[in-house]
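Take a look at the structure set out below.
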Amino acid sequence: MQDLLYFFQQLINGLTIGSTYALIAIGYTMVYGIIGMINFAHGEIYMIGAYTALIAITGLTALGVAWLPLILIVALVCAMIVSSSMGWAVERVAYRPVRGRHRLIPLISAIGMSIFLQNYVHLAQGSRNIGFPSLIDGGFNFGSGEGFQMSLSYMQITIFITTLICMTALSLFISRSRTGRACRAVSQDLGMANLLGIDTNRIISATFVIGAALAAVAGLLLGMYYGSVDPLFGFIAGLKAFTAAVLGGIGSIPGAMLGGLILGVAESMTSGYLSGEYKDVISFSLLILILLFKPTGLLGKPEVEKI
Amino acid sequence: MAANNFRHALFCAIITLIISYPIIGFNLEAQGINVMLTGADTGTVVMVLLAAVMVFLFQLFREQIMGALRSVPNPLPQSSKEPMAENRRAKIESWVLTGIVILALFWPFFVSRGSVDLATLVLIYVMLALGLNVVVGLAGLLDLGYVAFYAVGAYTFALLSQYTGISFWLALPIGALLAALFGLVLGFPVLRLRGDYLAIVTLGFGEIIRILLNNWTTLTGGPNGIGGIPDPTLFGMEFGRRVKEEGNTSFHETFGIAYSGEHKVIFLYLIALVLAVFTALVIRRFMRMPVGRAWEALREDEIAARSLGLSRTAVKLSAFTIGAFFAGFAGTVFASKQGFISPESFVFLESAIILAIVVLGGMGSQIGVVLAAIAVTILPELAREFSEYRMLIFGAAMVLMMVWRPQGLMPMRRIHIELKKQE
Amino acid sequence: MLEVQNLSMRFGGLLAVDEVSLDIQEHEIVSIIGPNGAGKTTVFNCMSGFYKPTGGKILFEGKEVQGKPDYKISRLGMVRTFQHVRLFSQMTVVENLLVAQHRHLNTNLISGLIKTPNYRTKEQKSLDRAAYWLDRVGLLDLANREAGNLAYGQQRRLEIARCMVTEPKLLMLDEPAAGLNPAETKELNQLIVSLKEDYNVSVVLIEHDMSLVMDISDRINVINQGRPLASGTPEEIRQNDDVIKAYLGEA
């Protein structure tokens, strides 16, 4: 019974982290699906979302606002606006001018952008990690008094529900809206979509903006969950989310969700049963194994090499 | 059109404000367990506003500005120009290079110890960048975990000296070969991957190696690192004040000169110089050999290269292994120079700096890479206030280079080959 | 020398090539023709090892080669060009030819580093061979230009020269006349015939330029919608009713 509770605790923790990975992974997967490049700076955009949310929360608290839903919503909106603008600007400055060049060039540009943004926040806010108020405390406890107690915190529930709302909204947007349809068309065949009169530049910008907005949501949630942020906050999370995207099949949105959840669970099981130090090793190994043996991921479509 | 332009410029200016004001305009400060928010000083706010105005003006007059820029003649030579008097140019070039190397040999005797020490570091970066240049610049494989091989070289020397008391000269080839072996073993599975996947997988490998170094405390000492790494010796002569090892003599006693700490620093510098020149010469030779041409062919068009009988795996592996070999070299020198190593020296940032050197110098170009290594290492030392902004500037420079001048500041010049007409 | 038996290639639900058979004798020029999308290039991709065929056999000099990796097939002496020219565009013209001779120069790294006499001899030989073929296709004066800077027709000729320095037994040309003007096409015509006559290379040709195909082919295979439609001498093909209906008629 104890063991089972312990197992379920790890599962819940894993699904919590995993669902935020999924939110970030969507940004990677959508951009990859449309222009076939890895947006290395995406992790930084997520980090900037977390910082903006923290600034908004601290500012509102200082102004004496105490009503929690208002604080959260304002923080979320601020984070989404700043991150989306950043996503838009990054695409405009670093990616659009090099689109279609030799494949190494956009990649290096993206890495440069990632380094730039990391140090931008580092210079503005310092390199130390800053405490993030948890705001949502408490939760349910299961299990007997003396043994292991399994807990499901309200924070975790908030993360699940928010992720679910975002995913549903995204799915509806992609399948129903005009822009969503155009997104799908562009990811099928950019050149053809262009010929059919779709403003592909606008669609690509939209992809970056949507991905960045979701990353900002993840930034707020994970900031509260972990309780601190620092400028390197986005680097590892970005890598993890990318792993999730590849795991699920890069280019596939349901794949990103699935990959995120699997990766989160795999990590928390490693921390729970082996050692927390090695959870990064596990996720990188998972990434390498997937790429070697099933590079299309779980839900991706096989690519035929064009000659 | 004008109204449209104005709207776009205004939009860009607003975006600039949104992405800069919240992050720069407010400072988060931890006070105890609470976080306080303070506004930035007026100067910073004015700068942010100024930036927005500049973006606005630039976007508004974009056409005119770009037009004006285009009409400025390019001050740097174009790579496509037909070279003149090839033999003479090559001769002058090799004379100049030899002259520089000779100067570099005597230079340390006339400057301060600190400068020599810095110059040694520059030479280590030169080796690293030349090695990475093979992988990224020539073979077109983006390796973001290059620092892992550097770590293998450094840790090989540190561990071997700790457990077996090996000397620097023996550790140098062993470290390099072991790094090469790592390159071979890690490279074999991952080189089938497409370019961007390769980048992220090598990044992962680099992190795995660092995490292992950090956590395998019994072997590597974890975050505390390994100290007491011996200095190189010169034909059994040590550079310390007292001889540490049985059978060795000390340098200053043999030559009957007063002991000076500078001897060791200069000696290390000379070793690094010789190794850097060796690295440059070997790689230069490789570039003129079939293997070097195969690297470039694979970078240019993998499918065509395969259709001509080049094995993708063999060619990529050779680049990966040779790059790793020189990183191992550099690692051994680094361990000896520092006398102490810890995982801290082998973080992703280090890989990024080496990559920045290669990109700024000009992918494939050796002279460019050497100059960039010097600039990137020395500039932050010259201007201390600059060093804080170093990575910010590197990041921005990488983006700008890719957008405006992807071939780098000193693009690689093609080798001129004389052909005789055949009957 | 080359025999393709019942070759099939399926991509997901699409059967791109269905039971195609070909045979090419020594000293022969064989063309594959058919409307766009008929699966001609797919047949080439299977023959040169880029695709693993889902069915059928490919025999080269009596040995089965289907499914072998591309670089091994090329080393056996089957070399191809591409529909869209694929040069190493940032490398010089002569370097393009040197790369192609990689396997002739297959010495180890050390002998190259210290320039052993054996290495020097081999290097000189490959330079001579490159010079010969550059002269042959009229590009000797441009040897040190970057390949990407050549005019389109020159790039096409360089691609063929690059194949020829590997000393192939069978040359596969994928639409070599596409984008060439009539004068260049005529030159190409003479070049291909000379490859067969003077260098004893067999040629498989995919081409849309009917006058070129009819002029130089010994035999022609027609493919339509992935299936073989007819094969025979140019004269027979010209008079084949199916072919006229399916292909020539609509052209």
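So you can find residues: chains in the structure tokens are A, B, ... in the order shown, residues in each start at 1, and ligands are numbered from 1 in order.
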What parts of range 7-250 of chain A does DSSP call strand (DSSP E)? I'd like the answer as a list in words.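 DSSP on the backbone gives strand (DSSP E) at Ile130, Gly131, Gly139, Phe140, Asn141, Phe142, Met150, Ser151, Leu152, Ser153, Ser228 and Val229 of chain A.
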Residues of range 108-310 of chain B in alpha helix (DSSP H), written as an MDAnalysis selection string: chainID B and resid 113:132 147:164 168:190 195:215 217:220 251:254 261:287 290:300 302:307
Nearest to Val90 in chain A, chosen from A:Asn194, A:Gln149, A:Ser109, A:Asn201, with only C-alpha atoms counted in the distances: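 The closest residue to Val90 in chain A is A:Ser109.
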With a cut-off of 6 Å and counting only C-alpha atoms, select all residues of chain C in contact with chain B and give the selection as a list in words.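 Within 6 Å of chain B on chain C, we get Tyr71, Ser74, Arg75, Arg86, Phe88, Val99, Ala100, His102, Ala131 and Tyr132 of chain C.
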For the selection just defined, write its residues with N, CA and C atoms to a file, as a PDB file, in the first residue's frame.
```pdb
ATOM      1  N   TYR C  71      26.260   4.600 -51.530  1.00  0.00           N
ATOM      2  CA  TYR C  71      27.671   4.808 -51.844  1.00  0.00           C
ATOM      3  C   TYR C  71      28.336   3.518 -52.308  1.00  0.00           C
ATOM      4  N   SER C  74      27.449   3.071 -55.985  1.00  0.00           N
ATOM      5  CA  SER C  74      28.252   3.966 -56.809  1.00  0.00           C
ATOM      6  C   SER C  74      29.677   3.432 -56.967  1.00  0.00           C
ATOM      7  N   ARG C  75      30.197   2.830 -55.906  1.00  0.00           N
ATOM      8  CA  ARG C  75      31.560   2.289 -55.999  1.00  0.00           C
ATOM      9  C   ARG C  75      31.650   1.075 -56.916  1.00  0.00           C
ATOM     10  N   ARG C  86      23.080  18.898 -58.836  1.00  0.00           N
ATOM     11  CA  ARG C  86      23.588  18.897 -57.460  1.00  0.00           C
ATOM     12  C   ARG C  86      25.101  18.964 -57.480  1.00  0.00           C
ATOM     13  N   PHE C  88      28.755  20.653 -55.608  1.00  0.00           N
ATOM     14  CA  PHE C  88      29.243  21.177 -54.334  1.00  0.00           C
ATOM     15  C   PHE C  88      29.537  22.648 -54.601  1.00  0.00           C
ATOM     16  N   VAL C  99      36.798  15.473 -55.414  1.00  0.00           N
ATOM     17  CA  VAL C  99      35.948  14.781 -54.443  1.00  0.00           C
ATOM     18  C   VAL C  99      35.469  13.456 -55.027  1.00  0.00           C
ATOM     19  N   ALA C 100      35.077  13.505 -56.279  1.00  0.00           N
ATOM     20  CA  ALA C 100      34.507  12.318 -56.903  1.00  0.00           C
ATOM     21  C   ALA C 100      35.515  11.185 -56.992  1.00  0.00           C
ATOM     22  N   HIS C 102      37.518  10.308 -54.721  1.00  0.00           N
ATOM     23  CA  HIS C 102      37.867   9.936 -53.353  1.00  0.00           C
ATOM     24  C   HIS C 102      38.306   8.481 -53.241  1.00  0.00           C
ATOM     25  N   ALA C 131      41.848  17.236 -65.009  1.00  0.00           N
ATOM     26  CA  ALA C 131      42.175  18.167 -66.086  1.00  0.00           C
ATOM     27  C   ALA C 131      41.674  17.620 -67.414  1.00  0.00           C
ATOM     28  N   TYR C 132      41.851  16.317 -67.603  1.00  0.00           N
ATOM     29  CA  TYR C 132      41.418  15.715 -68.854  1.00  0.00           C
ATOM     30  C   TYR C 132      39.919  15.926 -69.063  1.00  0.00           C
TER      31      TYR C 132
END
```
Mind dumping a table of every range 185-270 of chain A residue within 7 Å of range 120-143 of chain A, with the nearest atom pair and its distance in Å to one decimal, using only C-alpha atoms, sorted by chain and rising number, as JSON lines?
```
{"residue": "A:Gly223", "atom": "CA", "partner": "A:Phe132", "partner_atom": "CA", "distance": 6.2}
{"residue": "A:Met224", "atom": "CA", "partner": "A:Ser134", "partner_atom": "CA", "distance": 4.7}
{"residue": "A:Tyr225", "atom": "CA", "partner": "A:Ser134", "partner_atom": "CA", "distance": 6.7}
{"residue": "A:Gly227", "atom": "CA", "partner": "A:Phe132", "partner_atom": "CA", "distance": 4.5}
{"residue": "A:Ser228", "atom": "CA", "partner": "A:Gly131", "partner_atom": "CA", "distance": 4.3}
{"residue": "A:Val229", "atom": "CA", "partner": "A:Asn129", "partner_atom": "CA", "distance": 5.3}
{"residue": "A:Asp230", "atom": "CA", "partner": "A:Asn129", "partner_atom": "CA", "distance": 4.3}
{"residue": "A:Pro231", "atom": "CA", "partner": "A:His122", "partner_atom": "CA", "distance": 5.6}
```
Selection from above, C-alpha atoms, as a tab-separated table (two decimals), in the first residue's frame, can you write it?
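The resulting file, again_15.tsv, is reproduced below:
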```tsv
chain	number	residue	atom	x	y	z
A	223	GLY	CA	7.56	29.40	-11.64
A	224	MET	CA	4.92	28.98	-8.94
A	225	TYR	CA	5.45	25.23	-8.80
A	227	GLY	CA	9.14	28.50	-6.30
A	228	SER	CA	12.00	30.34	-8.00
A	229	VAL	CA	13.29	31.62	-11.33
A	230	ASP	CA	16.74	32.42	-12.69
A	231	PRO	CA	18.04	33.30	-16.17
```
Fewer than 3 positions away in the same chain doesn't count, so skip those; otherwise give me all residues within 12 Å of Ser111 in chain C, counting only C-alpha atoms, as a count of residues only. 18
Pick out the residues sitting within 10 Å of Ser8 in chain C, and hand them over as number ranges by chain; count only C-alpha atoms, and ignore anything fewer than 6 positions along from it in its own chain. C: 15-21, 42-43, 46, 52-57, 226-227
So that I have them on file, write out the residues from the current selection with C-alpha atoms, as a short mmCIF file (atom, residue, chain, number, x, y, z; two decimals), in the first residue's frame.
```cif
data_model
loop_
_atom_site.label_atom_id
_atom_site.label_comp_id
_atom_site.auth_asym_id
_atom_site.auth_seq_id
_atom_site.Cartn_x
_atom_site.Cartn_y
_atom_site.Cartn_z
CA LEU C 15 2.39 2.50 -55.63
CA ALA C 16 4.85 4.73 -57.47
CA VAL C 17 6.55 2.00 -59.45
CA ASP C 18 4.77 -1.22 -60.31
CA GLU C 19 6.60 -4.22 -61.75
CA VAL C 20 9.00 -2.35 -63.99
CA SER C 21 11.65 -4.38 -65.78
CA THR C 42 11.80 6.77 -58.60
CA VAL C 43 13.18 3.92 -60.71
CA CYS C 46 15.94 2.62 -56.50
CA LYS C 52 15.04 0.54 -50.91
CA PRO C 53 12.63 -0.99 -53.42
CA THR C 54 9.65 -2.75 -51.89
CA GLY C 55 9.71 -5.47 -54.51
CA GLY C 56 11.75 -6.90 -57.36
CA LYS C 57 15.43 -7.36 -58.08
CA GLY C 226 4.38 3.48 -62.64
CA ARG C 227 3.77 0.60 -65.03
#
```
Using only C-alpha atoms, which residues of chain B come within 6 Å of chain A, and what is the closest atom pair for each, with the distance in Å to one decimal? Give it as CSV, sorted by chain and residue number.
```
residue,atom,partner,partner_atom,distance
B:Ile15,CA,A:Ser85,CA,5.9
B:Ile18,CA,A:Val82,CA,5.9
B:Ile19,CA,A:Val82,CA,5.6
B:Ile24,CA,A:Ala124,CA,5.2
B:Asn27,CA,A:Gln125,CA,6.0
B:Gly204,CA,A:Phe284,CA,5.5
B:Ile208,CA,A:Val281,CA,5.5
B:Leu392,CA,A:Phe116,CA,4.7
B:Gly395,CA,A:Gly112,CA,4.1
B:Ala396,CA,A:Phe116,CA,5.8
B:Met398,CA,A:Gly112,CA,5.0
B:Val399,CA,A:Ser109,CA,4.4
B:Met402,CA,A:Ser109,CA,5.8
B:Val403,CA,A:Val98,CA,5.8
```
From the set C:Asp218, C:Asp174, C:Glu146, C:Glu159, which residue has the shortest atom-to-atom contact distance to chain A, counting only C-alpha atoms? C:Asp174
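All chain C residues having an atom within 12 Å of chain A, based on only C-alpha atoms, amount to C:Arg10, C:Phe11, C:Gly12, C:Thr41, C:Thr42, C:Phe44, C:Asn45, C:Cys46, C:Ser48, C:Gly49, C:Phe50, C:Tyr51, C:Lys52, C:Thr81, C:Phe82, C:Gln83, C:His84, C:Val85, C:Arg86, C:Ser89, C:Gln90, C:Asp174.
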Could you please determine the separation between CA of Ala130 in chain C and CA of Ala147 in chain C in Å, to one decimal place?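 We find that CA of Ala130 in chain C and CA of Ala147 in chain C lie 14.1 Å from each other.
Distance-wise, CA of Ile166 in chain B and CA of Asp231 in chain B end up 11.0 Å apart.
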